[in-house]
Amino acid sequence: MASYLQIENLTKSYGDRMLFADITFGINEGDKIGLIAKNGMGKTTLLRCIAGTESADSGSVIFRNDLKVGFLEQTPHLDNNLSVLQTCIGDSGPIIIAIESYEAALQSGDINKIAHATELMDASQAWDYEDRLKQMLSQLGIPDFSMPVSVLSGGQKKRVALAKIILENPDLLILDEPTNHLDISSIEWLESYLSQSKMTILMVTHDRYFLDRICSKIIELDHEQAFFYDGNYDNYLRRRSERIEAMTAELAKVKNTLRREQEWMNRQPQARAGKAKFRIDAFYDLKKRAAIDLRERNVNLSVKSSYIGSKIFEASHISKRYGDKIILNDFNYVFSRYEKLGIIGTNGVGKSTFIKMLQGLVPSDSGKWDVGETVKFGYYSQDGISFDPAKKVIDAITEIAENVVMNDGSQHLSPSQFLQHFLFSPADQQKHIAKLSGGERCRLHLAAVLMRSPNFLILDEPTNDLDIITLGLLEEYLSDFKGCAIIISHDRYFLDNIVDHLFVLEGNGVVKDFPGNYSDYRKWQQDMATQNANEKAKITEKTKKNGTGKDKADRPAKLSFKERKELEELTVEIDELSTEKAMLEAAFASGEQLTDIEAKSLRYNQLKDLLDIKELRWLELSEKQ
């Protein structure tokens, strides 16, 4: 494999805080590497140093000549004056140069120029670039290509930047949290695309399925060093445990040796005056090695929850809409004690609105939420913490509670002690909230939620800014949590480990209650798609068979009156949904400026899902006719 880049003795610090020191590694053609570390250990900084958007203190990053690098930052910076299409196509780069050269060659009529320009078009894969770009933007939920960047949300801007960088077809693709702000269907599409791509990839992600299914190598930043593992995430977990055990055993040997050498050093100087200088130097080296702290500094989530009674909440005939967009339509449900529910659906379908209505933060149009008297909500909002950014961390937390009861009820902590469980040192507690990093704000938000001892946790996208280690600890906490939980997340691994069942918000007010976790749901979808295809094949075969005069005695029993009525209703509904879908497709293809493009895109995806479900049922009933 050809070497793409070599990193040698790279060092970076901020003030007296060292992120990484003298790390050295290479990236070869075809590598797909995941970069893992706890928040604050320098993952993003390392990516920025490699991409050249930030300088290291020392060391070097040496690229192969003419290597084409694409870098997706956590928060891309796009020109607000351009449209989505203009942003992606741009006015420079090999693709645009190839297109402009080809058009100029055609106008000149010079055969040699046309031949050369054709070679450029082939080399840069520019022939169908715009079509591929539009297809990718649609897959990522951006169907209106004329929309100005200035009106896009942060998540939409990241999706546009992602499409632009991927279609530039770089040799090396550097991705910083590419799955943030994507819904599950978009993540699965991107996962499939990148796993099949020949691009070399270096990425930071907290999505463990995404990491596991794409990457074949893992780099971990820990204790200012880089550790390397062949294999996927599952293999990394095993190998990391072995590394920690080996390092712990080695550290014990070093400390034993240090004790003996310390005794020698404590003797009178004249007693060791004739000893070799190398032994004295070795003593100080041992002392330095023995000072390494291998203890894991992890978030401690052992917080006591309040008692919760048998009555949780009942939803009776809840309806909610915004204009033509229906969130819930006559929704009814009785929530059980200790239930752990996951909510999934495309972006904009109303997941956050649902949980805000439950808490009374958003009013329903009709119906009633009857919440039990003992229920004490703990709400982790994807909008982040609402603390005054000018306040210090310790002051903001002290305002919530003067002491915190830990899980067994026997230990009471002060706000300062409690914050240390969330990795805020006494010095960190004096920081102003405005100065916190994304990961620190996330941990502070989680601390503020849990210190109130809730018995019903509502977590809206809790995984966006948490590192993989903290996610694992949060999963353990939720698994043992003596209360109820509702979780909205695009992290499939997280959902699989926590929830008992899912609410699938399909749009147009439809809520499907699925009895299982996300992987169960995806398998069910795949099984249904296979069954759908088989049913269509059977109907085609039976049509052919009946057309040749074969025996029809093997047909199923006739439809009941109720089933016949259902079939008639399905026929009408399928026609209406198909007409609406065709109208949206025509609108998307028209190239005209569209209003409410997000709503239209969301509705289009909902229509496809609804048609799949209703057509399958129609096929089942039609066989009985």
# chains A, B, ... in the order shown; residues from 1 in each chain; ligands from 1

call {"tool": "residues_around", "arguments": {"residues": "stretch 207-212 of chain A", "least_positions_apart": "5", "cutoff": "10 Å", "atoms": "only C-alpha atoms", "output": "PyMOL selection string"}}
result
chain A and resi 32-36+177-180+187-188+190-192+194-195+217-218+231-236+463-464+467-468+471+490-494

call {"tool": "residues_around", "arguments": {"residues": "A:Lys536", "least_positions_apart": "3", "cutoff": "12 Å", "atoms": "only C-alpha atoms", "output": "list in words"}}
result
Ala529, Thr530, Gln531, Asn532, Ala533, Ile539, Thr540, Glu541, Lys542, Thr543, Glu615, Leu616, Arg617, Trp618, Leu619, Glu620, Ser622 and Glu623 of chain A

call {"tool": "write_last_selection", "arguments": {"atoms": "C-alpha atoms", "output": "short mmCIF file (atom, residue, chain, number, x, y, z; two decimals), in the first residue's frame"}}
result
data_model
loop_
_atom_site.label_atom_id
_atom_site.label_comp_id
_atom_site.auth_asym_id
_atom_site.auth_seq_id
_atom_site.Cartn_x
_atom_site.Cartn_y
_atom_site.Cartn_z
CA ALA A 529 -39.54 -5.64 2.11
CA THR A 530 -38.56 -9.20 1.19
CA GLN A 531 -42.08 -10.43 1.87
CA ASN A 532 -43.47 -7.58 -0.21
CA ALA A 533 -41.26 -8.54 -3.14
CA ILE A 539 -49.34 -12.42 -7.73
CA THR A 540 -47.54 -12.11 -11.05
CA GLU A 541 -47.11 -15.87 -11.23
CA LYS A 542 -50.76 -16.52 -10.31
CA THR A 543 -51.91 -14.02 -12.90
CA GLU A 615 -49.39 -1.59 -0.68
CA LEU A 616 -48.24 -4.63 1.29
CA ARG A 617 -51.62 -4.84 3.05
CA TRP A 618 -53.42 -4.33 -0.28
CA LEU A 619 -51.47 -7.25 -1.73
CA GLU A 620 -52.42 -9.47 1.21
CA SER A 622 -56.12 -8.81 -3.00
CA GLU A 623 -54.96 -12.43 -2.93
#

call {"tool": "closest_atom_pairs", "arguments": {"of": "stretch 47-149 of chain A", "to": "stretch 169-176 of chain A", "cutoff": "12 Å", "atoms": "only C-alpha atoms", "output": "CSV"}}
result
residue,atom,partner,partner_atom,distance
A:Leu47,CA,A:Ile174,CA,7.2
A:Arg48,CA,A:Ile174,CA,9.3
A:Cys49,CA,A:Ile174,CA,11.3
A:Ile50,CA,A:Ile174,CA,8.9
A:Ala51,CA,A:Ile174,CA,7.7
A:Gly52,CA,A:Ile174,CA,11.5
A:Phe63,CA,A:Leu172,CA,10.3
A:Arg64,CA,A:Asp171,CA,10.5
A:Asn65,CA,A:Asp171,CA,11.5
A:Asp66,CA,A:Asp171,CA,9.6
A:Leu67,CA,A:Asp171,CA,6.3
A:Lys68,CA,A:Pro170,CA,5.0
A:Val69,CA,A:Leu172,CA,4.8
A:Gly70,CA,A:Leu173,CA,4.9
A:Phe71,CA,A:Ile174,CA,4.7
A:Leu72,CA,A:Leu175,CA,4.9
A:Glu73,CA,A:Asp176,CA,5.3
A:Gln74,CA,A:Asp176,CA,5.3
A:Thr75,CA,A:Asp176,CA,8.9
A:Pro76,CA,A:Asp176,CA,10.1
A:Gly93,CA,A:Asn169,CA,11.2
A:Pro94,CA,A:Asn169,CA,10.3
A:Ile95,CA,A:Asn169,CA,9.8
A:Ala123,CA,A:Asn169,CA,11.0
A:Ser124,CA,A:Asn169,CA,8.4
A:Gln125,CA,A:Asn169,CA,8.8
A:Ala126,CA,A:Asn169,CA,10.6
A:Tyr129,CA,A:Asn169,CA,10.6
A:Arg132,CA,A:Asn169,CA,11.8
A:Leu133,CA,A:Asn169,CA,11.6

call {"tool": "write_last_selection", "arguments": {"atoms": "N, CA and C atoms", "output": "mmCIF file, in the first residue's frame"}}
result
data_model
loop_
_atom_site.group_PDB
_atom_site.id
_atom_site.type_symbol
_atom_site.label_atom_id
_atom_site.label_comp_id
_atom_site.auth_asym_id
_atom_site.auth_seq_id
_atom_site.Cartn_x
_atom_site.Cartn_y
_atom_site.Cartn_z
ATOM 1 N N LEU A 47 -7.006 16.313 14.193
ATOM 2 C CA LEU A 47 -7.519 16.361 12.822
ATOM 3 C C LEU A 47 -7.191 17.702 12.168
ATOM 4 N N ARG A 48 -7.347 18.777 12.926
ATOM 5 C CA ARG A 48 -7.082 20.115 12.379
ATOM 6 C C ARG A 48 -5.588 20.307 12.083
ATOM 7 N N CYS A 49 -4.748 19.737 12.911
ATOM 8 C CA CYS A 49 -3.301 19.821 12.646
ATOM 9 C C CYS A 49 -2.942 19.051 11.382
ATOM 10 N N ILE A 50 -3.561 17.891 11.197
ATOM 11 C CA ILE A 50 -3.286 17.094 9.999
ATOM 12 C C ILE A 50 -3.803 17.808 8.752
ATOM 13 N N ALA A 51 -5.008 18.397 8.857
ATOM 14 C CA ALA A 51 -5.620 19.065 7.705
ATOM 15 C C ALA A 51 -4.976 20.418 7.411
ATOM 16 N N GLY A 52 -4.194 20.932 8.355
ATOM 17 C CA GLY A 52 -3.498 22.195 8.122
ATOM 18 C C GLY A 52 -4.271 23.428 8.530
ATOM 19 N N PHE A 63 2.812 14.989 3.569
ATOM 20 C CA PHE A 63 1.874 14.373 2.630
ATOM 21 C C PHE A 63 2.612 13.888 1.389
ATOM 22 N N ARG A 64 2.061 12.854 0.769
ATOM 23 C CA ARG A 64 2.549 12.456 -0.549
ATOM 24 C C ARG A 64 2.286 13.584 -1.534
ATOM 25 N N ASN A 65 3.142 13.770 -2.488
ATOM 26 C CA ASN A 65 2.971 14.835 -3.472
ATOM 27 C C ASN A 65 1.628 14.698 -4.183
ATOM 28 N N ASP A 66 0.949 15.837 -4.359
ATOM 29 C CA ASP A 66 -0.328 15.918 -5.094
ATOM 30 C C ASP A 66 -1.462 15.151 -4.424
ATOM 31 N N LEU A 67 -1.333 14.847 -3.141
ATOM 32 C CA LEU A 67 -2.418 14.168 -2.436
ATOM 33 C C LEU A 67 -3.587 15.138 -2.249
ATOM 34 N N LYS A 68 -4.780 14.702 -2.622
ATOM 35 C CA LYS A 68 -5.977 15.534 -2.510
ATOM 36 C C LYS A 68 -6.694 15.190 -1.204
ATOM 37 N N VAL A 69 -6.845 16.190 -0.329
ATOM 38 C CA VAL A 69 -7.397 15.981 1.009
ATOM 39 C C VAL A 69 -8.721 16.736 1.147
ATOM 40 N N GLY A 70 -9.739 16.064 1.673
ATOM 41 C CA GLY A 70 -11.013 16.706 1.994
ATOM 42 C C GLY A 70 -11.228 16.664 3.491
ATOM 43 N N PHE A 71 -11.633 17.792 4.093
ATOM 44 C CA PHE A 71 -11.778 17.880 5.556
ATOM 45 C C PHE A 71 -13.158 18.419 5.910
ATOM 46 N N LEU A 72 -13.950 17.602 6.612
ATOM 47 C CA LEU A 72 -15.248 18.029 7.132
ATOM 48 C C LEU A 72 -15.081 18.389 8.601
ATOM 49 N N GLU A 73 -15.216 19.668 8.922
ATOM 50 C CA GLU A 73 -15.112 20.102 10.312
ATOM 51 C C GLU A 73 -16.431 19.891 11.037
ATOM 52 N N GLN A 74 -16.360 19.909 12.365
ATOM 53 C CA GLN A 74 -17.590 19.754 13.152
ATOM 54 C C GLN A 74 -18.595 20.846 12.822
ATOM 55 N N THR A 75 -18.100 22.062 12.642
ATOM 56 C CA THR A 75 -18.968 23.191 12.283
ATOM 57 C C THR A 75 -18.413 23.823 11.013
ATOM 58 N N PRO A 76 -18.891 23.390 9.842
ATOM 59 C CA PRO A 76 -18.357 23.924 8.583
ATOM 60 C C PRO A 76 -18.668 25.406 8.417
ATOM 61 N N GLY A 93 -11.266 24.295 -8.292
ATOM 62 C CA GLY A 93 -11.120 22.866 -8.101
ATOM 63 C C GLY A 93 -11.072 22.139 -9.432
ATOM 64 N N PRO A 94 -10.597 20.891 -9.429
ATOM 65 C CA PRO A 94 -10.374 20.162 -10.682
ATOM 66 C C PRO A 94 -11.639 19.890 -11.463
ATOM 67 N N ILE A 95 -12.758 19.672 -10.790
ATOM 68 C CA ILE A 95 -13.999 19.373 -11.513
ATOM 69 C C ILE A 95 -14.455 20.581 -12.312
ATOM 70 N N ALA A 123 -10.655 12.073 -15.957
ATOM 71 C CA ALA A 123 -9.819 11.960 -14.761
ATOM 72 C C ALA A 123 -10.508 12.508 -13.517
ATOM 73 N N SER A 124 -11.283 13.569 -13.662
ATOM 74 C CA SER A 124 -11.947 14.194 -12.509
ATOM 75 C C SER A 124 -13.372 13.707 -12.307
ATOM 76 N N GLN A 125 -13.826 12.740 -13.132
ATOM 77 C CA GLN A 125 -15.194 12.201 -13.041
ATOM 78 C C GLN A 125 -16.227 13.330 -13.058
ATOM 79 N N ALA A 126 -16.075 14.224 -14.025
ATOM 80 C CA ALA A 126 -16.906 15.432 -14.065
ATOM 81 C C ALA A 126 -18.132 15.308 -14.962
ATOM 82 N N TYR A 129 -21.261 14.962 -12.707
ATOM 83 C CA TYR A 129 -21.045 15.496 -11.352
ATOM 84 C C TYR A 129 -22.305 16.128 -10.778
ATOM 85 N N ARG A 132 -24.914 13.531 -9.818
ATOM 86 C CA ARG A 132 -24.514 12.799 -8.608
ATOM 87 C C ARG A 132 -24.648 13.673 -7.369
ATOM 88 N N LEU A 133 -24.307 14.960 -7.520
ATOM 89 C CA LEU A 133 -24.416 15.893 -6.406
ATOM 90 C C LEU A 133 -25.870 16.030 -5.956
#

call {"tool": "residues_around", "arguments": {"residues": "A:Pro415", "least_positions_apart": "2", "cutoff": "12 Å", "atoms": "only C-alpha atoms", "output": "compact mmCIF listing (two decimals) with C-alpha atoms, in the first residue's frame"}}
result
# COMPACT_ATOMS: atom_id res chain seq x y z
CA VAL A 393 -19.79 26.38 36.65
CA ILE A 394 -19.84 25.97 40.44
CA ASP A 395 -22.25 28.89 40.94
CA ALA A 396 -24.72 27.56 38.36
CA ILE A 397 -24.79 24.10 39.93
CA THR A 398 -25.03 25.40 43.52
CA GLU A 399 -28.22 27.25 42.56
CA ILE A 400 -29.85 23.90 41.75
CA ALA A 401 -29.04 22.07 45.00
CA GLU A 402 -26.82 22.47 48.05
CA ASN A 403 -26.19 18.71 48.27
CA VAL A 404 -26.70 15.66 46.08
CA VAL A 405 -27.76 12.18 47.22
CA HIS A 412 -24.37 13.22 50.30
CA LEU A 413 -22.10 15.38 48.17
CA GLN A 417 -17.77 17.19 45.05
CA PHE A 418 -20.59 16.24 42.70
CA LEU A 419 -19.04 18.15 39.79
CA GLN A 420 -15.82 16.21 40.27
CA HIS A 421 -17.84 13.06 39.52
CA PHE A 422 -18.48 14.67 36.12
CA PHE A 424 -14.88 19.06 36.56
CA SER A 425 -11.78 19.68 38.66
CA PRO A 426 -11.83 22.51 41.24
CA GLN A 429 -15.44 24.66 38.27
CA LEU A 444 -22.59 19.96 32.78
CA ALA A 447 -24.99 16.79 35.78
CA ALA A 448 -27.69 19.45 36.12
CA MET A 451 -28.54 16.07 40.48
CA ARG A 452 -32.29 16.76 40.82

call {"tool": "residues_around", "arguments": {"residues": "A:Leu19", "least_positions_apart": "5", "cutoff": "6 Å", "atoms": "only C-alpha atoms", "output": "NGL selection string"}}
result
:A and (12-13 or 41-42 or 224)

call {"tool": "atom_distance", "arguments": {"atom1": "atom CA of A:Asn347", "atom2": "atom CA of A:Ile433"}}
result
29.0 Å

call {"tool": "residues_around", "arguments": {"residues": "A:Phe354", "least_positions_apart": "6", "cutoff": "12 Å", "atoms": "only C-alpha atoms", "output": "MDAnalysis selection string"}}
result
chainID A and resid 315 318:321 326:329 331 343:345 348 360:364 369 458 460 486:488 503:505 509 511

call {"tool": "closest_residue", "arguments": {"among": "A:Gly507, A:Arg240, A:Asp520, A:Lys614", "to": "A:Glu576", "atoms": "only C-alpha atoms"}}
result
A:Lys614

call {"tool": "residues_around", "arguments": {"residues": "A:Phe25", "least_positions_apart": "2", "cutoff": "8 Å", "atoms": "only C-alpha atoms", "output": "number ranges by chain"}}
result
A: 6-8, 23, 27

call {"tool": "write_last_selection", "arguments": {"atoms": "C-alpha atoms", "output": "PDB file, in the first residue's frame"}}
result
ATOM      1  CA  GLN A   6       3.512  10.468   7.690  1.00  0.00           C
ATOM      2  CA  ILE A   7       3.106  12.185  11.056  1.00  0.00           C
ATOM      3  CA  GLU A   8       6.337  12.523  13.001  1.00  0.00           C
ATOM      4  CA  ILE A  23       3.073  11.082  18.418  1.00  0.00           C
ATOM      5  CA  ILE A  27      -1.708   6.594   6.895  1.00  0.00           C
TER       6      ILE A  27
END

call {"tool": "select_by_dssp", "arguments": {"residues": "stretch 348-456 of chain A", "states": "helix (DSSP H, G or I)", "output": "PyMOL selection string"}}
result
chain A and resi 351-358+393-398+415-421+428-430+433-435+438-450

call {"tool": "residues_around", "arguments": {"residues": "A:Leu106", "least_positions_apart": "5", "cutoff": "12 Å", "atoms": "only C-alpha atoms", "output": "MDAnalysis selection string"}}
result
chainID A and resid 99:101 111:118

call {"tool": "closest_residue", "arguments": {"among": "A:Lys134, A:Lys512, A:Lys565, A:His223", "to": "A:Leu610", "atoms": "only C-alpha atoms"}}
result
A:Lys512

call {"tool": "atom_distance", "arguments": {"atom1": "atom CA of A:Ser479", "atom2": "atom CA of A:Val499"}}
result
8.8 Å

call {"tool": "closest_residue", "arguments": {"among": "A:Ser316, A:Thr87, A:Ser352, A:Ser310", "to": "A:Gly367", "atoms": "only C-alpha atoms"}}
result
A:Ser316

call {"tool": "closest_residue", "arguments": {"among": "A:Ser489, A:Thr45, A:Asn332, A:Ser241", "to": "A:Asp513", "atoms": "only C-alpha atoms"}}
result
A:Asn332

call {"tool": "atom_distance", "arguments": {"atom1": "atom CA of A:Phe377", "atom2": "atom CA of A:Gly483"}}
result
10.2 Å
